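Q: Take a look at the following structure, please.
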Amino acid sequence: MTKTAERQPPAVAALPAPPGPAPAGGGRRRRVLLDQARAYAFLLGGLICFALFSWYPAIRAVVIAFQKYTPGSPPEWVGTANFTHVLDDPEFGAAWRNTLTFTLLALLLGFAVPFVLALVLNELRHAKAFFRVVVYLPVMIPPVVSALLWKWFYDPGAGLANEALRALHLPTSNWSNGTDTALISLVIVATWANLGGTVLIYLAALQSIPGELYEAAELDGANLLQRIRHVTIPQTRFVILMLMLLQIIATMQVFTEPFVITGGGPESATVTVLYLIYKYAFLYNDFGGACALSVMLLVLLGAFSAVYLRLTRTEGDA
C-alpha cells in the first residue's frame, strides 16, 4: 500500500436530502375526501340492507295502506277506506285493549323482576358465572320453541303447572285457556323468555357504579333500601329509562306468544294488534287493512318515543 493511498480521507456519509415542501391545501383536502369515501364504502353494505329490508318495506306499507291491494292484481287507490274498515272491525278495540294491558303488565312484572335479579346477582360472591348462565339460558332458546314449551306447561290436563298445584293441594287453573288468566299467562312467558338480556345489561350498569358511593352511604347510616334508592337507581337512571322505552316498544309488538300458545283466544282475549295485522294479511287476504293497522301502530309508537325522549332529555338538561 502506498503512502498516497494511506493518506486518503475517509468517505463522507451522504447527507439526508432536505425536506420537501409541505403538501398543498388541495392535497390535504383530497386525503380527507378519500378517507371519508372509504368510510362510506364500508357503510354501504349496511345502508343497502337497511334500505332493502327496513326502509323500503316501511314506505311500501304506508303506500299500500291507501290502496286496495291484492297480490297479482294492479293496486287501486281507495284513500282512507282501509282505515275506516279497520276502525269498524269489532276486534279492533279488543286488540288495542289487549295490547295496552299486556304492555302494562309486562312493565309491572318484566321491568321489576330483572332489576331485582341483577341486584341479587351483583351481590353474589360465589358461582357468579353459573347463575348468570342460568339466567341467560332462556334467551338462547328459539322463541317458538319456548312458546311451545310453555304451551305444554300450561296444559290444563297434564301440564306441569297444574301438576305442581295438585302436588301442593292447591286449586288448579285454566292458565292460557281461561279468558281471565290467558293474558297474564302470556306476560309470564314473555318475561321469562327475555329476562336474561335485560339482567345482563343491568349487571353491567351496576358494576360501573363506584364503590366509594356505597361506602359513603354506609358511613352515613343508610340501610340496603336507602342505598338502592339514593345510589343505585340514580346511577343507573339512564339505563333504566332506555330499557323502559325499548320494552314498551317491544311489548306493543307482541306476536309470538299469542300466535303459538293461544291463537288469539279464548274469545279474542289475547288478540293483539300485531296478531290482528297477521289475520288481515294472511287470513283475510286484506293487505290494505293490514298496512293501515301497521301505520296506526307506527304512528303511535313514533309519537310515544318522541314525547318520551323529549321529556327525559328536558329532565336531564334541567
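FYI, nothing fancy with the C-alpha cells labels: chains A, B, ... in order, residues from 1 per chain, ligands from 1 as they appear.
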Using only C-alpha atoms, which residues sit within 9 Å of Leu109 of chain A once same-chain residues fewer than 4 positions away are excluded, as a PDB file with C-alpha atoms, in the first residue's frame?
A:
```
ATOM      1  CA  LEU A 104     -98.754  -2.504  31.349  1.00  0.00           C
ATOM      2  CA  LEU A 105     -98.487  -5.971  32.920  1.00  0.00           C
ATOM      3  CA  VAL A 113     -88.030  -8.685  38.166  1.00  0.00           C
ATOM      4  CA  PRO A 114     -84.849  -8.290  36.021  1.00  0.00           C
ATOM      5  CA  VAL A 187     -96.883 -11.974  30.137  1.00  0.00           C
ATOM      6  CA  ILE A 188     -95.130 -14.579  32.295  1.00  0.00           C
ATOM      7  CA  THR A 191     -90.897 -12.060  30.852  1.00  0.00           C
TER       8      THR A 191
END
```
Q: Determine which residues of segment 93-220 of chain A DSSP labels as helix (DSSP H, G or I) from the backbone of this structure, then write them out as a ChimeraX atom specification.
A: /A:93-110,112-123,128-140,143-153,160-167,175-177,182-193,195-207,211-219
Q: What lies within 12 Å of Ala281 of chain A using only C-alpha atoms, ignoring chain neighbours under 4 positions off, as a compact mmCIF listing (two decimals) with C-alpha atoms, in the first residue's frame?
A:
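Result file selection.txt:
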```txt
# COMPACT_ATOMS: atom_id res chain seq x y z
CA ALA A 61 -96.61 -0.32 3.75
CA ILE A 64 -100.46 0.16 0.44
CA ALA A 65 -102.43 1.49 3.42
CA TYR A 69 -104.02 -4.33 -2.86
CA THR A 70 -104.17 -7.99 -3.85
CA PRO A 71 -101.02 -9.83 -4.99
CA LEU A 274 -99.74 -7.44 15.58
CA TYR A 275 -101.80 -10.63 15.63
CA LEU A 276 -104.71 -8.74 14.05
CA ILE A 277 -102.34 -7.46 11.37
CA ASN A 285 -106.05 -11.51 2.29
CA ASP A 286 -106.62 -7.81 3.04
CA PHE A 287 -103.16 -6.29 2.75
CA GLY A 288 -104.55 -2.77 2.69
CA GLY A 289 -106.19 -3.25 6.08
CA ALA A 290 -103.04 -4.90 7.47
CA CYS A 291 -100.91 -1.97 6.32
CA ALA A 292 -103.43 0.52 7.72
CA LEU A 293 -103.13 -1.13 11.14
CA SER A 294 -99.34 -1.13 10.78
```
Q: Val144 of chain A: which residues within 9 Å, counting only C-alpha atoms, same-chain residues fewer than 6 positions away excluded, as a list in words?
A: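 My list of contacting residues is Thr256, Glu257 and Val260 of chain A.
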Q: Select, from A:Asp180, A:Asn122, A:Trp150, A:Val62, the residue with the minimum atom-to-atom distance to Glu267 of chain A, counting only C-alpha atoms.
A: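 The closest residue to Glu267 of chain A is A:Asp180.
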Q: Distance atom CA of Ile141 of chain A-atom CA of Ala193 of chain A, one decimal place?
A: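 Distance reported for this atom pair: 8.1 Å.
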Q: Please indicate the distance in Å from atom CA of Arg237 of chain A to atom CA of Ala190 of chain A, rounded to one decimal place.
A: 23.7 Å
Q: Find, counting only C-alpha atoms, the residue in A:Trp192, A:Thr272, A:Pro75, A:Arg313 that gets nearest to Arg97 of chain A.
A: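 Checking each of A:Trp192, A:Thr272, A:Pro75, A:Arg313 against Arg97 of chain A, counting only C-alpha atoms, the winner is A:Thr272.
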Q: I want to know what sits within 8 Å of segment 247-255 of chain A, based on only C-alpha atoms, with residues of the same chain fewer than 5 positions away left out; could you give that as a PDB file with N, CA, C and O atoms, in the first residue's frame?
A:
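Resulting contents of around26.pdb:
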```pdb
ATOM      1  N   THR A  99    -103.402  -5.284  23.847  1.00  0.00           N
ATOM      2  CA  THR A  99    -102.007  -4.873  23.678  1.00  0.00           C
ATOM      3  C   THR A  99    -101.579  -3.917  24.783  1.00  0.00           C
ATOM      4  O   THR A  99    -100.490  -4.059  25.360  1.00  0.00           O
ATOM      5  N   LEU A 100    -102.410  -2.945  25.089  1.00  0.00           N
ATOM      6  CA  LEU A 100    -102.063  -1.991  26.146  1.00  0.00           C
ATOM      7  C   LEU A 100    -102.019  -2.669  27.515  1.00  0.00           C
ATOM      8  O   LEU A 100    -101.150  -2.367  28.340  1.00  0.00           O
ATOM      9  N   PHE A 102    -101.333  -5.868  28.036  1.00  0.00           N
ATOM     10  CA  PHE A 102    -100.118  -6.681  28.016  1.00  0.00           C
ATOM     11  C   PHE A 102     -98.897  -5.809  28.301  1.00  0.00           C
ATOM     12  O   PHE A 102     -98.008  -6.205  29.077  1.00  0.00           O
ATOM     13  N   THR A 103     -98.831  -4.627  27.693  1.00  0.00           N
ATOM     14  CA  THR A 103     -97.689  -3.728  27.912  1.00  0.00           C
ATOM     15  C   THR A 103     -97.612  -3.288  29.363  1.00  0.00           C
ATOM     16  O   THR A 103     -96.529  -3.264  29.964  1.00  0.00           O
ATOM     17  N   ALA A 106     -96.538  -6.247  31.496  1.00  0.00           N
ATOM     18  CA  ALA A 106     -95.138  -6.557  31.225  1.00  0.00           C
ATOM     19  C   ALA A 106     -94.207  -5.559  31.903  1.00  0.00           C
ATOM     20  O   ALA A 106     -93.112  -5.921  32.353  1.00  0.00           O
ATOM     21  N   LEU A 107     -94.635  -4.299  31.991  1.00  0.00           N
ATOM     22  CA  LEU A 107     -93.817  -3.312  32.688  1.00  0.00           C
ATOM     23  C   LEU A 107     -93.805  -3.578  34.192  1.00  0.00           C
ATOM     24  O   LEU A 107     -92.759  -3.484  34.844  1.00  0.00           O
ATOM     25  N   THR A 272    -103.785  -9.429  19.823  1.00  0.00           N
ATOM     26  CA  THR A 272    -103.038  -8.180  19.908  1.00  0.00           C
ATOM     27  C   THR A 272    -103.061  -7.479  18.551  1.00  0.00           C
ATOM     28  O   THR A 272    -103.543  -8.025  17.558  1.00  0.00           O
ATOM     29  N   VAL A 273    -102.522  -6.276  18.522  1.00  0.00           N
ATOM     30  CA  VAL A 273    -102.529  -5.508  17.278  1.00  0.00           C
ATOM     31  C   VAL A 273    -101.724  -6.232  16.208  1.00  0.00           C
ATOM     32  O   VAL A 273    -102.164  -6.347  15.056  1.00  0.00           O
ATOM     33  N   LEU A 274    -100.565  -6.746  16.565  1.00  0.00           N
ATOM     34  CA  LEU A 274     -99.744  -7.440  15.576  1.00  0.00           C
ATOM     35  C   LEU A 274    -100.408  -8.732  15.116  1.00  0.00           C
ATOM     36  O   LEU A 274    -100.303  -9.114  13.943  1.00  0.00           O
ATOM     37  N   TYR A 275    -101.091  -9.421  16.035  1.00  0.00           N
ATOM     38  CA  TYR A 275    -101.796 -10.633  15.634  1.00  0.00           C
ATOM     39  C   TYR A 275    -102.958 -10.292  14.707  1.00  0.00           C
ATOM     40  O   TYR A 275    -103.242 -11.028  13.755  1.00  0.00           O
ATOM     41  N   LEU A 301     -96.311   4.438  18.189  1.00  0.00           N
ATOM     42  CA  LEU A 301     -95.006   4.194  18.796  1.00  0.00           C
ATOM     43  C   LEU A 301     -94.028   5.335  18.500  1.00  0.00           C
ATOM     44  O   LEU A 301     -93.216   5.704  19.361  1.00  0.00           O
TER      45      LEU A 301
END
```
Q: Do you know which residues are at most 12 Å from segment 210-212 of chain A counting only C-alpha atoms, after dropping those on the same chain fewer than 2 positions away, and could you put them as a JSON list (two decimals) with N, CA, C and O atoms, in the first residue's frame?
A:
```json
[["chain", "number", "residue", "atom", "x", "y", "z"],
["A", 205, "ALA", "N", -74.47, -2.18, 34.24],
["A", 205, "ALA", "CA", -74.66, -0.84, 34.80],
["A", 205, "ALA", "C", -74.33, -0.81, 36.28],
["A", 205, "ALA", "O", -73.72, 0.15, 36.78],
["A", 206, "LEU", "N", -74.71, -1.85, 37.01],
["A", 206, "LEU", "CA", -74.44, -1.89, 38.45],
["A", 206, "LEU", "C", -72.95, -1.97, 38.74],
["A", 206, "LEU", "O", -72.45, -1.36, 39.68],
["A", 207, "GLN", "N", -72.22, -2.72, 37.93],
["A", 207, "GLN", "CA", -70.79, -2.89, 38.17],
["A", 207, "GLN", "C", -69.99, -1.64, 37.79],
["A", 207, "GLN", "O", -68.81, -1.55, 38.14],
["A", 208, "SER", "N", -70.60, -0.71, 37.08],
["A", 208, "SER", "CA", -69.91, 0.54, 36.74],
["A", 208, "SER", "C", -70.07, 1.61, 37.82],
["A", 208, "SER", "O", -69.48, 2.69, 37.71],
["A", 214, "TYR", "N", -71.16, 3.70, 47.69],
["A", 214, "TYR", "CA", -71.80, 2.82, 48.67],
["A", 214, "TYR", "C", -71.13, 2.94, 50.04],
["A", 214, "TYR", "O", -71.79, 2.90, 51.08],
["A", 215, "GLU", "N", -69.80, 3.08, 50.04],
["A", 215, "GLU", "CA", -69.10, 3.23, 51.31],
["A", 215, "GLU", "C", -69.52, 4.52, 52.02],
["A", 215, "GLU", "O", -69.73, 4.52, 53.25],
["A", 216, "ALA", "N", -69.66, 5.61, 51.24],
["A", 216, "ALA", "CA", -70.10, 6.86, 51.85],
["A", 216, "ALA", "C", -71.52, 6.75, 52.39],
["A", 216, "ALA", "O", -71.84, 7.28, 53.47],
["A", 217, "ALA", "N", -72.38, 6.03, 51.64],
["A", 217, "ALA", "CA", -73.76, 5.87, 52.11],
["A", 217, "ALA", "C", -73.80, 5.03, 53.38],
["A", 217, "ALA", "O", -74.57, 5.32, 54.31],
["A", 218, "GLU", "N", -72.95, 3.99, 53.47],
["A", 218, "GLU", "CA", -72.91, 3.17, 54.69],
["A", 218, "GLU", "C", -72.40, 3.97, 55.88],
["A", 218, "GLU", "O", -72.90, 3.83, 57.01],
["A", 219, "LEU", "N", -71.42, 4.83, 55.65],
["A", 219, "LEU", "CA", -70.92, 5.67, 56.74],
["A", 219, "LEU", "C", -71.98, 6.65, 57.23],
["A", 219, "LEU", "O", -71.99, 7.01, 58.42],
["A", 227, "ARG", "N", -79.71, 2.66, 50.22],
["A", 227, "ARG", "CA", -78.59, 2.67, 49.27],
["A", 227, "ARG", "C", -79.09, 2.43, 47.85],
["A", 227, "ARG", "O", -78.60, 3.05, 46.89],
["A", 231, "VAL", "N", -78.45, 5.64, 45.71],
["A", 231, "VAL", "CA", -77.20, 5.42, 44.98],
["A", 231, "VAL", "C", -77.44, 4.62, 43.71],
["A", 231, "VAL", "O", -77.12, 5.07, 42.61],
["A", 232, "THR", "N", -78.04, 3.42, 43.85],
["A", 232, "THR", "CA", -78.15, 2.52, 42.71],
["A", 232, "THR", "C", -79.06, 3.09, 41.62],
["A", 232, "THR", "O", -78.67, 3.15, 40.45],
["A", 235, "GLN", "N", -77.69, 6.23, 39.79],
["A", 235, "GLN", "CA", -76.53, 5.94, 38.97],
["A", 235, "GLN", "C", -76.87, 5.12, 37.73],
["A", 235, "GLN", "O", -76.13, 5.14, 36.74],
["A", 236, "THR", "N", -77.98, 4.38, 37.78],
["A", 236, "THR", "CA", -78.39, 3.57, 36.62],
["A", 236, "THR", "C", -79.63, 4.16, 35.94],
["A", 236, "THR", "O", -80.29, 3.46, 35.18]]
```
Q: Considering only C-alpha atoms, state which residue in the set A:Leu246, A:Ile261, A:Ile201, A:Leu33 is at the smallest distance from Asp155 of chain A.
A: A:Ile261
Q: Hey, which of A:Val295, A:Leu311, A:Ala147, A:Ala158 ends up closest to Phe83 of chain A? Count only C-alpha atoms.
A: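 Of A:Val295, A:Leu311, A:Ala147, A:Ala158, the one nearest Phe83 of chain A, counting only C-alpha atoms, is A:Val295.
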Q: Mind pulling up the distance from atom CA of Tyr136 of chain A to atom CA of Asn194 of chain A?
A: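 Result for atom CA of Asn194 of chain A versus atom CA of Tyr136 of chain A: 8.6 Å, one decimal.
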Q: For Pro143 of chain A, which residue among A:Thr179, A:Val116, A:Leu34, A:Pro258 is the nearest when counting only C-alpha atoms?
A: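 The shortest atom-to-atom distance to Pro143 of chain A comes from A:Pro258.
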Q: So which residues touch Val271 of chain A within 8 Å, counting only C-alpha atoms, skipping near sequence neighbours fewer than 5 positions away, as a PyMOL selection string?
A: chain A and resi 91+94-95+98-99+258+263-265+276
